[in-house]
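Listing of query.cif, mmCIF, C-alpha atoms
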data_final
loop_
_atom_site.group_PDB
_atom_site.id
_atom_site.type_symbol
_atom_site.label_atom_id
_atom_site.label_comp_id
_atom_site.auth_asym_id
_atom_site.auth_seq_id
_atom_site.Cartn_x
_atom_site.Cartn_y
_atom_site.Cartn_z
ATOM 1 C CA MET A 12 -25.110 16.923 -56.253
ATOM 2 C CA SER A 13 -21.821 18.378 -57.400
ATOM 3 C CA ILE A 14 -19.099 16.461 -59.143
ATOM 4 C CA ALA A 15 -15.798 16.575 -57.272
ATOM 5 C CA LYS A 16 -12.963 18.195 -59.188
ATOM 6 C CA ARG A 17 -9.691 16.411 -59.705
ATOM 7 C CA PRO A 18 -7.212 17.233 -56.921
ATOM 8 C CA LEU A 19 -4.962 20.216 -57.327
ATOM 9 C CA ILE A 20 -1.389 19.240 -58.138
ATOM 10 C CA ALA A 21 -0.259 20.865 -54.891
ATOM 11 C CA ASN A 22 -2.221 18.174 -53.035
ATOM 12 C CA ILE A 23 -0.410 15.344 -54.812
ATOM 13 C CA LYS A 24 3.020 15.308 -53.232
ATOM 14 C CA GLY A 25 5.747 13.886 -55.437
ATOM 15 C CA LYS A 26 3.513 13.598 -58.506
ATOM 16 C CA GLU A 27 4.167 17.007 -60.007
ATOM 17 C CA ASN A 28 7.155 15.659 -61.983
ATOM 18 C CA SER A 29 5.694 12.244 -62.820
ATOM 19 C CA PRO A 30 5.766 11.347 -66.527
ATOM 20 C CA LEU A 31 2.417 9.606 -65.981
ATOM 21 C CA VAL A 32 0.615 12.752 -64.776
ATOM 22 C CA GLU A 33 -0.408 15.740 -66.863
ATOM 23 C CA VAL A 34 -1.115 19.097 -65.227
ATOM 24 C CA GLU A 35 -3.478 21.604 -66.777
ATOM 25 C CA ASP A 36 -4.927 24.613 -64.940
ATOM 26 C CA ASN A 37 -3.270 23.338 -61.741
ATOM 27 C CA GLN A 38 -5.238 20.071 -61.900
ATOM 28 C CA ALA A 39 -3.648 16.661 -62.198
ATOM 29 C CA THR A 40 -4.837 14.031 -64.662
ATOM 30 C CA GLY A 41 -3.346 10.581 -65.116
ATOM 31 C CA LYS A 42 -2.138 9.969 -68.653
ATOM 32 C CA ASN A 43 -3.613 7.202 -70.763
ATOM 33 C CA PRO A 44 -1.240 4.267 -70.133
ATOM 34 C CA LEU A 45 -1.786 3.072 -73.706
ATOM 35 C CA LEU A 46 -0.159 6.289 -74.907
ATOM 36 C CA SER A 47 2.763 6.137 -72.431
ATOM 37 C CA ASP A 48 6.113 4.443 -72.885
ATOM 38 C CA VAL A 49 6.360 1.097 -71.100
ATOM 39 C CA SER A 50 9.649 2.281 -69.576
ATOM 40 C CA GLU A 51 7.835 5.231 -67.925
ATOM 41 C CA ILE A 52 5.229 2.890 -66.476
ATOM 42 C CA LYS A 53 7.905 0.534 -65.131
ATOM 43 C CA ARG A 54 9.879 3.438 -63.626
ATOM 44 C CA ALA A 55 6.735 4.395 -61.726
ATOM 45 C CA GLY A 56 6.874 0.965 -60.045
ATOM 46 C CA HIS A 57 4.280 -0.890 -62.087
ATOM 47 C CA GLN A 58 4.912 -4.412 -63.352
ATOM 48 C CA ASN A 59 3.533 -6.489 -66.191
ATOM 49 C CA ILE A 60 1.166 -8.735 -64.228
ATOM 50 C CA PRO A 61 -1.661 -10.874 -65.633
ATOM 51 C CA LEU A 62 -4.968 -9.051 -65.253
ATOM 52 C CA ALA A 63 -6.514 -11.785 -63.085
ATOM 53 C CA LYS A 64 -3.618 -11.369 -60.618
ATOM 54 C CA VAL A 65 -4.112 -7.590 -60.574
ATOM 55 C CA ILE A 66 -7.781 -8.138 -59.763
ATOM 56 C CA ARG A 67 -6.830 -10.586 -57.001
ATOM 57 C CA LYS A 68 -4.545 -7.948 -55.464
ATOM 58 C CA LYS A 69 -7.382 -5.405 -55.528
ATOM 59 C CA CYS A 70 -9.736 -7.898 -53.883
ATOM 60 C CA LEU A 71 -7.147 -8.559 -51.167
ATOM 61 C CA GLU A 72 -6.858 -4.818 -50.602
ATOM 62 C CA CYS A 73 -10.655 -4.531 -50.360
ATOM 63 C CA CYS A 74 -10.723 -7.353 -47.761
ATOM 64 C CA CYS A 75 -7.897 -5.964 -45.587
ATOM 65 C CA PHE A 76 -5.396 -8.442 -47.078
ATOM 66 C CA GLN A 77 -7.244 -11.452 -45.648
ATOM 67 C CA PRO A 78 -7.320 -14.227 -48.300
ATOM 68 C CA GLY A 79 -10.087 -16.057 -46.443
ATOM 69 C CA GLU A 80 -12.290 -12.979 -46.629
ATOM 70 C CA VAL A 81 -11.706 -12.733 -50.390
ATOM 71 C CA ARG A 82 -12.864 -16.340 -50.738
ATOM 72 C CA LYS A 83 -15.978 -15.620 -48.641
ATOM 73 C CA CYS A 84 -16.836 -12.405 -50.496
ATOM 74 C CA HIS A 85 -20.578 -12.126 -51.062
ATOM 75 C CA ILE A 86 -20.588 -8.885 -53.082
ATOM 76 C CA THR A 87 -21.616 -10.705 -56.246
ATOM 77 C CA ASP A 88 -22.638 -7.507 -58.031
ATOM 78 C CA CYS A 89 -18.990 -6.322 -57.946
ATOM 79 C CA ALA A 90 -17.496 -6.515 -61.443
ATOM 80 C CA LEU A 91 -14.373 -8.163 -59.970
ATOM 81 C CA TRP A 92 -16.206 -10.872 -58.004
ATOM 82 C CA PRO A 93 -15.845 -13.738 -60.538
ATOM 83 C CA TYR A 94 -12.086 -13.088 -60.759
ATOM 84 C CA ARG A 95 -11.380 -12.682 -57.031
ATOM 85 C CA MET A 96 -9.529 -15.993 -56.762
ATOM 86 C CA GLY A 97 -6.887 -14.860 -59.259
ATOM 87 C CA LYS A 98 -8.201 -16.924 -62.160
ATOM 88 C CA ASN A 99 -10.587 -16.245 -65.001
ATOM 89 C CA PRO A 100 -13.502 -18.632 -64.387
ATOM 90 C CA PHE A 101 -14.663 -18.227 -67.963
ATOM 91 C CA HIS A 102 -11.456 -19.927 -69.135
ATOM 92 C CA SER A 103 -11.559 -22.833 -66.702
ATOM 93 C CA ALA A 104 -12.127 -26.399 -67.875
ATOM 94 C CA LYS A 105 -15.472 -26.517 -66.023
ATOM 95 C CA MET A 106 -16.847 -23.526 -67.908
ATOM 96 C CA LYS A 107 -15.644 -24.432 -71.415
ATOM 97 C CA GLY A 108 -18.521 -24.886 -73.763
ATOM 98 C CA LYS A 109 -21.114 -23.432 -71.383
#

This entry written out as structure tokens:
Amino acid sequence: MSIAKRPLIANIKGKENSPLVEVEDNQATGKNPLLSDVSEIKRAGHQNIPLAKVIRKKCLECCCFQPGEVRKCHITDCALWPYRMGKNPFHSAKMKGK
């Protein structure tokens, strides 16, 4: 089984001048966001959103933007599953001390 190479920069329209993408040997690599300026990240359209809300958005995307399907999700081996409702269940009052 071969490992897929990162896409060539020519295949990533509009990203060749992005401050968040590095190009080496005609291959694109996303920069480490911890080493990027916050202003660059914001200019790329990203916002400072609580992590649980980011996870919720990803779960909605996975379930075709159907909130009811996110609630019914049965893929309990997904790392995001406990956070799918947009809250951290490990910080809830019910879970404290357990």

Atom pair atom CA of A:Glu51 / atom CA of A:Glu33: separation (Å):
13.4 Å

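Here atom CA of A:Leu31 is placed at a distance of 27.7 Å from atom CA of A:Arg95.
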
What do you get, as a PyMOL selection string, if you spell out every residue that the PyMOL selection byres ((chain A and resi 54-71) around 7) selects here?
chain A and resi 50-53+72-78+81+91+94-99

What does the distance from atom CA of A:Leu45 to atom CA of A:Ala90 come to in Å, to one decimal?
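Interatomic distance, atom CA of A:Leu45 to atom CA of A:Ala90: 22.1 Å.
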
Emit as lines of an AutoDock Vina configuration file the padded axis-aligned box for all listed atoms of stretch 68-81 of chain A, 3 Å per side, with centre and edge lengths in Å to one decimal.
center_x = -8.4
center_y = -10.3
center_z = -50.6
size_x = 13.7
size_y = 17.5
size_z = 15.9

Which of these residues is nearest to A:Leu46, using only C-alpha atoms: A:Pro100, A:Gly79, A:Pro30, A:Pro93?
A:Pro30
